[in-house]
2 protein chains.
Amino acid sequence: MISRAESAAATRRTLLGAAAELLDAGGTEAVTLREVGARAGVSRGAPYRHFADKESLLTAIGVEAWREVGAGTAALRADAGLSPADRLRRGLAELIAIGRARPHLYRLMFSNPAGDPGAMARAAQHSQDEFLAIVAALVGDKDARRYGGLLMTSVHGVIGMEVSGQLTVEKWQATAEELVGALVALVADPNRPAWPGA
Amino acid sequence: MISRAESAAATRRTLLGAAAELLDAGGTEAVTLREVGARAGVSRGAPYRHFADKESLLTAIGVEAWREVGAGTAALRADAGLSPADRLRRGLAELIAIGRARPHLYRLMFSNPAGDPGAMARAAQHSQDEFLAIVAALVGDKDARRYGGLLMTSVHGVIGMEVSGQLTVEKWQATAEELVGALVALVADPNRPAWPGA
DNA sequence: CGCTTCAGATGACATTGTCAACTGGGTAGG
DNA sequence: CCTACCCAGTTGACAATGTCATCTGAAGCG
């Protein structure tokens with residue numbers, strides 16, 4: 001038997017899944033609460049039983065995505081068969097993969113919900129902490145945050161520009177992987193120069 | 001006497017200005033053609049005489065912004081009183097300034113219009129060519145594109161994460177300026193390591 | 001068995017993007 | 001100067017959408 005609470009939770013998940021489909025297909029504009037309801041087999045008003053408004057629904061999708069990324073990064077960090085540099089490369093590759101396969105979701109994950117500023121940043125926190133731990137294993141605790149920030153932002157920029165069509169191999173003579181790889185190689189270099197001014 | 005063409009061009013500019021105001025105030029969602037028309041002193045249908053649809057209007061705002069940035073970068077490059085490294089720093093600082101002062105416009109400049117993919121990338125071309133010329137003066141023609149790409153994407157990532165609230169000094173122990181400054185210092189370093197794999 | 005709670009359904013409304021039809025003053029050709 | 005065209009701008013209309021108030025029915029609880 002399914003209790004009412006279980007049924008409601010299932011509906012919520014179905015709504016999120018339907019909304020994610022629409023998001024991938026056509027961006028946030030394509031996510032209409034009516035269509036989300038229809039695909040989830042409920043009426044147009046049903047989503048309001050689970051999300052305050054459309055923006056909350058979208059934010060929930062992004063939060064869920066960050067949760068998955070965080071879990072993946074944690075698993076990476078726990079994988080004893082990988083070198084620190086490999087963990088770093090794979091973690092970054094995971095983000096690049098999301099950006100390419102699901103650009104709208106990727107954009108959403110780095111958006112700032114007007115109704116609840118900081119909600120997405122909080123959701124990203126765990127994932128970024130895991131990432132920082134990986135970087136720390138490579139460069140030491142002292143510089144982990146600075147180099148982590150440099151890597152995180154750089155990768156985000158590479159993906160963002162590729163998604164917007166402004167990063168082309170012809171123009172920059174480098175692929176996203178090469179740009180990221182260059183940075184990783186630099187950070188992983190034991191003879192890397194000291195952090196400027198530090 | 002103002003000719004009909006001049007009047008139409010003036011209306012177009014007024015529409016763009018009104019739309020930019022709304023964009024800054026509340027993002028693309030807040031840009032309604034009705035309000036744009038009202039602020040420009042015309043009716044709700046008038047914008048359609050100048051722009052195919054709402055997305056075209058938004059794209060035009062982004063294109064215009066890229067034109068101004070490109071002009072600014074060109075002026076920077078022509079300024080004989082600046083060192084190559086200073087030109088680079090100022091050019092990047094200009095982008096950071098836009099990201100902070102007008103985050104919605106900044107996001108628009110790095111978006112990819114669904115109706116005309118590549119339109120924004122084309123608009124950004126001139127600005128990025130100017131930027132590349134500045135980088136080339138610093139690192140030589142051979143590596144200009146690669147290092148230019150690295151700098152451009154990194155700065156974009158720093159701004160993007162700051163705009164989304166995911167770049168905080170507490171978390172990364174570095175400000176946007178410091179992260180960018182570290183990269184610039186690295187690239188400007190005459191003893192910088194060779195580009196990996198090149 | 002009756003009462004409460006709550007997921008879901010439905011009707012309604014304001015807002016908005018968009019188009020078709022219309023208007024009026026500039027503009028070119030005679 | 002006259003006339004016919006052009007086209008920026010207006011207005012009416014419509015469908016789609018977010019959102020709310022209200023209603024319904026079944027699950028849970030005494």
# chains A, B, ... in the order shown; residues from 1 in each chain; ligands from 1

$ closest_atom_pairs --of "chain A" --to "chain C" --cutoff "12 Å" --atoms "only C-alpha atoms (C1' of nucleotides)" --output "JSON lines"
{"residue": "A:Ser3", "atom": "CA", "partner": "C:DA7", "partner_atom": "C1'", "distance": 11.9}
{"residue": "A:Arg4", "atom": "CA", "partner": "C:DA7", "partner_atom": "C1'", "distance": 8.3}
{"residue": "A:Ala5", "atom": "CA", "partner": "C:DA7", "partner_atom": "C1'", "distance": 9.5}
{"residue": "A:Glu6", "atom": "CA", "partner": "C:DA7", "partner_atom": "C1'", "distance": 11.4}
{"residue": "A:Ser7", "atom": "CA", "partner": "C:DA7", "partner_atom": "C1'", "distance": 9.0}
{"residue": "A:Ala8", "atom": "CA", "partner": "C:DA7", "partner_atom": "C1'", "distance": 7.1}
{"residue": "A:Ala9", "atom": "CA", "partner": "C:DA7", "partner_atom": "C1'", "distance": 10.7}
{"residue": "A:Ala10", "atom": "CA", "partner": "C:DA7", "partner_atom": "C1'", "distance": 11.8}
{"residue": "A:Thr11", "atom": "CA", "partner": "C:DA7", "partner_atom": "C1'", "distance": 9.6}
{"residue": "A:Arg12", "atom": "CA", "partner": "C:DA7", "partner_atom": "C1'", "distance": 10.9}
{"residue": "A:Gly37", "atom": "CA", "partner": "C:DG8", "partner_atom": "C1'", "distance": 10.9}
{"residue": "A:Gly41", "atom": "CA", "partner": "C:DG8", "partner_atom": "C1'", "distance": 11.0}
{"residue": "A:Val42", "atom": "CA", "partner": "C:DG8", "partner_atom": "C1'", "distance": 7.6}
{"residue": "A:Ser43", "atom": "CA", "partner": "C:DA9", "partner_atom": "C1'", "distance": 6.6}
{"residue": "A:Arg44", "atom": "CA", "partner": "C:DA9", "partner_atom": "C1'", "distance": 8.6}
{"residue": "A:Gly45", "atom": "CA", "partner": "C:DA9", "partner_atom": "C1'", "distance": 7.5}
{"residue": "A:Ala46", "atom": "CA", "partner": "C:DG8", "partner_atom": "C1'", "distance": 5.8}
{"residue": "A:Pro47", "atom": "CA", "partner": "C:DG8", "partner_atom": "C1'", "distance": 9.3}
{"residue": "A:Tyr48", "atom": "CA", "partner": "C:DG8", "partner_atom": "C1'", "distance": 9.9}
{"residue": "A:Arg49", "atom": "CA", "partner": "C:DA7", "partner_atom": "C1'", "distance": 6.9}
{"residue": "A:His50", "atom": "CA", "partner": "C:DA7", "partner_atom": "C1'", "distance": 9.3}

$ write_last_selection --atoms "C-alpha atoms" --output "mmCIF file, in the first residue's frame"
data_model
loop_
_atom_site.group_PDB
_atom_site.id
_atom_site.type_symbol
_atom_site.label_atom_id
_atom_site.label_comp_id
_atom_site.auth_asym_id
_atom_site.auth_seq_id
_atom_site.Cartn_x
_atom_site.Cartn_y
_atom_site.Cartn_z
ATOM 1 C CA SER A 3 0.560 6.075 1.861
ATOM 2 C CA ARG A 4 -0.538 9.536 0.965
ATOM 3 C CA ALA A 5 2.892 10.929 1.816
ATOM 4 C CA GLU A 6 4.597 8.394 -0.411
ATOM 5 C CA SER A 7 2.261 9.187 -3.268
ATOM 6 C CA ALA A 8 2.897 12.890 -2.870
ATOM 7 C CA ALA A 9 6.650 12.364 -2.870
ATOM 8 C CA ALA A 10 6.359 10.263 -6.006
ATOM 9 C CA THR A 11 4.329 12.972 -7.714
ATOM 10 C CA ARG A 12 6.941 15.517 -6.746
ATOM 11 C CA GLY A 37 1.545 18.796 -15.004
ATOM 12 C CA GLY A 41 -0.313 13.015 -15.413
ATOM 13 C CA VAL A 42 -1.757 15.653 -13.126
ATOM 14 C CA SER A 43 -3.567 18.909 -13.693
ATOM 15 C CA ARG A 44 -2.112 22.356 -14.178
ATOM 16 C CA GLY A 45 -2.643 23.383 -10.578
ATOM 17 C CA ALA A 46 -1.059 20.324 -9.016
ATOM 18 C CA PRO A 47 2.534 21.602 -9.122
ATOM 19 C CA TYR A 48 1.533 24.326 -6.689
ATOM 20 C CA ARG A 49 1.028 21.624 -4.060
ATOM 21 C CA HIS A 50 4.754 20.869 -4.266
#

$ interface_residues --of "chain D" --to "chain B" --cutoff "7 Å" --atoms "only C-alpha atoms (C1' of nucleotides)" --output "MDAnalysis selection string"
chainID D and resid 8:10

$ select_by_dssp --residues "range 160-195 of chain B" --states "helix (DSSP H, G or I)" --output "list of chain:residue names"
B:Gly160, B:Met161, B:Glu162, B:Val163, B:Val169, B:Glu170, B:Lys171, B:Trp172, B:Ala176, B:Glu177, B:Glu178, B:Leu179, B:Val180, B:Gly181, B:Ala182, B:Leu183, B:Val184, B:Ala185, B:Leu186, B:Val187, B:Ala188

$ closest_residue --among "A:Gly157, A:Gly62, A:Gly91, A:Pro84" --to "Asn112 in chain A" --atoms "only C-alpha atoms"
A:Gly62

$ interface_residues --of "chain A" --to "chain B" --cutoff "6 Å" --atoms "only C-alpha atoms" --output "ChimeraX atom specification"
/A:110-112,121,145-146,149,153-154,156-158,164,166,172,182,196

$ write_last_selection --atoms "C-alpha atoms" --output "short mmCIF file (atom, residue, chain, number, x, y, z; two decimals), in the first residue's frame"
data_model
loop_
_atom_site.label_atom_id
_atom_site.label_comp_id
_atom_site.auth_asym_id
_atom_site.auth_seq_id
_atom_site.Cartn_x
_atom_site.Cartn_y
_atom_site.Cartn_z
CA PHE A 110 24.93 28.58 -12.07
CA SER A 111 21.97 30.92 -11.95
CA ASN A 112 20.90 33.04 -9.03
CA ALA A 121 25.03 28.64 -4.00
CA ARG A 145 41.16 27.41 -1.76
CA ARG A 146 42.92 29.86 -4.02
CA GLY A 149 38.83 28.85 -6.94
CA THR A 153 36.02 29.47 -12.10
CA SER A 154 38.20 28.73 -15.11
CA HIS A 156 33.07 27.28 -15.47
CA GLY A 157 34.19 29.98 -17.87
CA VAL A 158 35.35 27.50 -20.47
CA SER A 164 27.21 30.24 -25.73
CA GLN A 166 31.84 31.85 -28.13
CA TRP A 172 41.22 30.10 -29.81
CA ALA A 182 46.74 23.30 -19.35
CA PRO A 196 51.33 35.99 -6.62
#

$ calpha_fit_and_write --fixed "chain A" --moving "chain B" --output "JSON list (two decimals) with C-alpha atoms, in the first residue's frame"
[["chain", "number", "residue", "atom", "x", "y", "z"],
["B", 1, "MET", "CA", -0.01, 0.11, 0.11],
["B", 2, "ILE", "CA", 1.26, 3.49, -0.69],
["B", 3, "SER", "CA", 0.66, 6.11, 1.91],
["B", 4, "ARG", "CA", -0.45, 9.57, 1.02],
["B", 5, "ALA", "CA", 2.98, 10.96, 1.85],
["B", 6, "GLU", "CA", 4.68, 8.41, -0.40],
["B", 7, "SER", "CA", 2.32, 9.20, -3.23],
["B", 8, "ALA", "CA", 2.95, 12.90, -2.83],
["B", 9, "ALA", "CA", 6.70, 12.37, -2.84],
["B", 10, "ALA", "CA", 6.41, 10.27, -5.97],
["B", 11, "THR", "CA", 4.37, 12.97, -7.68],
["B", 12, "ARG", "CA", 6.98, 15.53, -6.74],
["B", 13, "ARG", "CA", 9.70, 13.43, -8.31],
["B", 14, "THR", "CA", 7.64, 12.89, -11.43],
["B", 15, "LEU", "CA", 7.04, 16.62, -11.70],
["B", 16, "LEU", "CA", 10.75, 17.31, -11.36],
["B", 17, "GLY", "CA", 11.54, 14.74, -14.02],
["B", 18, "ALA", "CA", 9.01, 16.14, -16.46],
["B", 19, "ALA", "CA", 10.27, 19.65, -15.85],
["B", 20, "ALA", "CA", 13.86, 18.56, -16.40],
["B", 21, "GLU", "CA", 12.85, 17.03, -19.73],
["B", 22, "LEU", "CA", 11.28, 20.27, -20.87],
["B", 23, "LEU", "CA", 14.27, 22.22, -19.61],
["B", 24, "ASP", "CA", 16.68, 20.12, -21.64],
["B", 25, "ALA", "CA", 14.48, 20.40, -24.69],
["B", 26, "GLY", "CA", 14.01, 24.14, -24.73],
["B", 27, "GLY", "CA", 15.37, 25.96, -21.72],
["B", 28, "THR", "CA", 13.51, 27.55, -18.85],
["B", 29, "GLU", "CA", 11.06, 29.27, -21.21],
["B", 30, "ALA", "CA", 9.92, 25.88, -22.43],
["B", 31, "VAL", "CA", 9.09, 24.73, -18.91],
["B", 32, "THR", "CA", 5.42, 25.54, -18.51],
["B", 33, "LEU", "CA", 3.66, 24.38, -15.40],
["B", 34, "ARG", "CA", 0.76, 23.18, -17.51],
["B", 35, "GLU", "CA", 2.95, 20.95, -19.64],
["B", 36, "VAL", "CA", 4.86, 19.76, -16.59],
["B", 37, "GLY", "CA", 1.59, 18.75, -14.99],
["B", 38, "ALA", "CA", 0.35, 17.07, -18.16],
["B", 39, "ARG", "CA", 3.52, 15.01, -18.54],
["B", 40, "ALA", "CA", 3.34, 14.03, -14.91],
["B", 41, "GLY", "CA", -0.26, 12.96, -15.38],
["B", 42, "VAL", "CA", -1.71, 15.61, -13.10],
["B", 43, "SER", "CA", -3.53, 18.85, -13.68],
["B", 44, "ARG", "CA", -2.10, 22.31, -14.17],
["B", 45, "GLY", "CA", -2.64, 23.33, -10.55],
["B", 46, "ALA", "CA", -1.02, 20.28, -9.00],
["B", 47, "PRO", "CA", 2.57, 21.58, -9.12],
["B", 48, "TYR", "CA", 1.55, 24.31, -6.69],
["B", 49, "ARG", "CA", 1.05, 21.62, -4.05],
["B", 50, "HIS", "CA", 4.78, 20.88, -4.26],
["B", 51, "PHE", "CA", 6.45, 24.10, -5.34],
["B", 52, "ALA", "CA", 5.62, 27.67, -4.43],
["B", 53, "ASP", "CA", 5.90, 28.87, -7.99],
["B", 54, "LYS", "CA", 7.62, 28.17, -11.28],
["B", 55, "GLU", "CA", 10.93, 29.57, -10.12],
["B", 56, "SER", "CA", 10.93, 27.29, -7.08],
["B", 57, "LEU", "CA", 10.41, 24.31, -9.35],
["B", 58, "LEU", "CA", 13.34, 25.34, -11.52],
["B", 59, "THR", "CA", 15.51, 25.97, -8.50],
["B", 60, "ALA", "CA", 14.64, 22.52, -7.19],
["B", 61, "ILE", "CA", 15.89, 21.02, -10.45],
["B", 62, "GLY", "CA", 19.19, 22.83, -10.07],
["B", 63, "VAL", "CA", 19.52, 21.86, -6.43],
["B", 64, "GLU", "CA", 18.93, 18.21, -7.29],
["B", 65, "ALA", "CA", 21.53, 18.38, -10.04],
["B", 66, "TRP", "CA", 24.10, 19.82, -7.62],
["B", 67, "ARG", "CA", 23.30, 17.01, -5.21],
["B", 68, "GLU", "CA", 24.12, 14.44, -7.87],
["B", 69, "VAL", "CA", 27.30, 16.21, -8.89],
["B", 70, "GLY", "CA", 28.34, 16.36, -5.25],
["B", 71, "ALA", "CA", 27.73, 12.66, -4.82],
["B", 72, "GLY", "CA", 29.77, 11.94, -7.94],
["B", 73, "THR", "CA", 32.65, 14.07, -6.71],
["B", 74, "ALA", "CA", 32.55, 12.38, -3.32],
["B", 75, "ALA", "CA", 32.68, 8.98, -5.01],
["B", 76, "LEU", "CA", 35.64, 10.17, -7.03],
["B", 77, "ARG", "CA", 37.45, 11.27, -3.93],
["B", 78, "ALA", "CA", 36.79, 7.91, -2.31],
["B", 79, "ASP", "CA", 38.08, 5.96, -5.30],
["B", 80, "ALA", "CA", 41.44, 4.65, -4.14],
["B", 81, "GLY", "CA", 42.46, 3.64, -7.64],
["B", 82, "LEU", "CA", 42.90, 7.19, -8.85],
["B", 83, "SER", "CA", 45.75, 9.63, -8.49],
["B", 84, "PRO", "CA", 44.95, 13.07, -7.11],
["B", 85, "ALA", "CA", 45.51, 14.61, -10.53],
["B", 86, "ASP", "CA", 43.18, 12.08, -12.13],
["B", 87, "ARG", "CA", 40.51, 12.81, -9.57],
["B", 88, "LEU", "CA", 40.81, 16.46, -10.42],
["B", 89, "ARG", "CA", 40.65, 15.85, -14.15],
["B", 90, "ARG", "CA", 37.65, 13.56, -13.87],
["B", 91, "GLY", "CA", 35.79, 15.91, -11.60],
["B", 92, "LEU", "CA", 36.24, 18.75, -14.04],
["B", 93, "ALA", "CA", 35.41, 16.51, -16.99],
["B", 94, "GLU", "CA", 32.11, 15.69, -15.31],
["B", 95, "LEU", "CA", 31.14, 19.35, -15.33],
["B", 96, "ILE", "CA", 32.17, 19.76, -18.94],
["B", 97, "ALA", "CA", 30.06, 16.75, -19.81],
["B", 98, "ILE", "CA", 27.00, 18.26, -18.18],
["B", 99, "GLY", "CA", 27.58, 21.55, -19.93],
["B", 100, "ARG", "CA", 27.69, 19.84, -23.30],
["B", 101, "ALA", "CA", 24.94, 17.31, -22.84],
["B", 102, "ARG", "CA", 22.53, 19.51, -20.88],
["B", 103, "PRO", "CA", 23.44, 23.16, -21.44],
["B", 104, "HIS", "CA", 20.16, 24.51, -20.09],
["B", 105, "LEU", "CA", 20.53, 22.55, -16.88],
["B", 106, "TYR", "CA", 24.12, 23.70, -16.61],
["B", 107, "ARG", "CA", 23.09, 27.32, -16.94],
["B", 108, "LEU", "CA", 20.41, 26.80, -14.32],
["B", 109, "MET", "CA", 22.97, 25.37, -11.89],
["B", 110, "PHE", "CA", 24.93, 28.60, -12.10],
["B", 111, "SER", "CA", 21.97, 30.94, -11.96],
["B", 112, "ASN", "CA", 20.89, 33.06, -9.03],
["B", 113, "PRO", "CA", 17.18, 32.62, -8.24],
["B", 114, "ALA", "CA", 15.61, 36.04, -7.72],
["B", 115, "GLY", "CA", 13.13, 34.74, -5.18],
["B", 116, "ASP", "CA", 15.74, 32.99, -3.06],
["B", 117, "PRO", "CA", 19.20, 34.37, -3.75],
["B", 118, "GLY", "CA", 21.87, 32.07, -2.45],
["B", 119, "ALA", "CA", 19.73, 28.96, -2.72],
["B", 120, "MET", "CA", 21.76, 27.68, -5.64],
["B", 121, "ALA", "CA", 25.03, 28.67, -4.00],
["B", 122, "ARG", "CA", 24.04, 26.66, -0.91],
["B", 123, "ALA", "CA", 23.18, 23.68, -3.07],
["B", 124, "ALA", "CA", 26.56, 23.91, -4.77],
["B", 125, "GLN", "CA", 28.40, 24.09, -1.46],
["B", 126, "HIS", "CA", 28.78, 20.37, -0.82],
["B", 127, "SER", "CA", 29.99, 19.67, -4.32],
["B", 128, "GLN", "CA", 32.53, 22.45, -4.10],
["B", 129, "ASP", "CA", 33.75, 21.26, -0.71],
["B", 130, "GLU", "CA", 34.42, 17.85, -2.20],
["B", 131, "PHE", "CA", 36.17, 19.48, -5.10],
["B", 132, "LEU", "CA", 38.31, 21.53, -2.73],
["B", 133, "ALA", "CA", 39.35, 18.40, -0.88],
["B", 134, "ILE", "CA", 40.60, 16.94, -4.14],
["B", 135, "VAL", "CA", 42.54, 20.08, -4.94],
["B", 136, "ALA", "CA", 43.98, 20.16, -1.43],
["B", 137, "ALA", "CA", 45.40, 16.67, -1.93],
["B", 138, "LEU", "CA", 47.24, 18.07, -4.92],
["B", 139, "VAL", "CA", 48.49, 21.46, -3.80],
["B", 140, "GLY", "CA", 48.30, 21.26, -0.01],
["B", 141, "ASP", "CA", 45.86, 22.85, 2.37],
["B", 142, "LYS", "CA", 47.50, 26.23, 2.33],
["B", 143, "ASP", "CA", 46.77, 27.07, -1.30],
["B", 144, "ALA", "CA", 43.83, 24.76, -1.84],
["B", 145, "ARG", "CA", 41.15, 27.41, -1.75],
["B", 146, "ARG", "CA", 42.91, 29.83, -4.01],
["B", 147, "TYR", "CA", 43.87, 27.25, -6.60],
["B", 148, "GLY", "CA", 40.51, 25.57, -6.20],
["B", 149, "GLY", "CA", 38.83, 28.86, -6.94],
["B", 150, "LEU", "CA", 41.03, 29.42, -9.93],
["B", 151, "LEU", "CA", 40.28, 25.97, -11.33],
["B", 152, "MET", "CA", 36.58, 26.07, -10.57],
["B", 153, "THR", "CA", 36.01, 29.48, -12.11],
["B", 154, "SER", "CA", 38.19, 28.75, -15.13],
["B", 155, "VAL", "CA", 36.38, 25.56, -15.94],
["B", 156, "HIS", "CA", 33.08, 27.29, -15.47],
["B", 157, "GLY", "CA", 34.19, 29.99, -17.87],
["B", 158, "VAL", "CA", 35.35, 27.53, -20.47],
["B", 159, "ILE", "CA", 32.06, 25.68, -20.38],
["B", 160, "GLY", "CA", 30.01, 28.88, -20.32],
["B", 161, "MET", "CA", 31.71, 30.25, -23.39],
["B", 162, "GLU", "CA", 31.48, 26.97, -25.22],
["B", 163, "VAL", "CA", 27.76, 26.75, -24.45],
["B", 164, "SER", "CA", 27.22, 30.26, -25.75],
["B", 165, "GLY", "CA", 29.06, 29.45, -28.96],
["B", 166, "GLN", "CA", 31.86, 31.87, -28.16],
["B", 167, "LEU", "CA", 34.52, 29.23, -27.64],
["B", 168, "THR", "CA", 35.53, 27.70, -30.94],
["B", 169, "VAL", "CA", 38.68, 25.82, -31.73],
["B", 170, "GLU", "CA", 39.31, 27.99, -34.81],
["B", 171, "LYS", "CA", 39.16, 31.16, -32.78],
["B", 172, "TRP", "CA", 41.24, 30.09, -29.81],
["B", 173, "GLN", "CA", 43.18, 27.19, -31.26],
["B", 174, "ALA", "CA", 42.34, 25.12, -28.24],
["B", 175, "THR", "CA", 39.50, 22.90, -27.13],
["B", 176, "ALA", "CA", 37.82, 23.17, -23.75],
["B", 177, "GLU", "CA", 39.74, 20.07, -22.68],
["B", 178, "GLU", "CA", 43.05, 21.60, -23.69],
["B", 179, "LEU", "CA", 42.41, 24.83, -21.86],
["B", 180, "VAL", "CA", 41.38, 22.97, -18.72],
["B", 181, "GLY", "CA", 44.20, 20.49, -19.14],
["B", 182, "ALA", "CA", 46.73, 23.29, -19.35],
["B", 183, "LEU", "CA", 45.51, 24.74, -16.07],
["B", 184, "VAL", "CA", 45.48, 21.38, -14.35],
["B", 185, "ALA", "CA", 48.97, 20.64, -15.56],
["B", 186, "LEU", "CA", 50.08, 23.97, -14.24],
["B", 187, "VAL", "CA", 48.49, 23.47, -10.85],
["B", 188, "ALA", "CA", 49.71, 19.90, -10.59],
["B", 189, "ASP", "CA", 53.24, 21.00, -11.46],
["B", 190, "PRO", "CA", 55.37, 20.66, -8.31],
["B", 191, "ASN", "CA", 57.50, 23.55, -9.56],
["B", 192, "ARG", "CA", 54.54, 25.84, -10.07],
["B", 193, "PRO", "CA", 55.33, 29.43, -9.16],
["B", 194, "ALA", "CA", 54.17, 30.70, -5.79],
["B", 195, "TRP", "CA", 50.75, 32.31, -5.63],
["B", 196, "PRO", "CA", 51.32, 35.94, -6.56],
["B", 197, "GLY", "CA", 51.38, 38.21, -3.57],
["B", 198, "ALA", "CA", 50.89, 35.39, -1.10]]
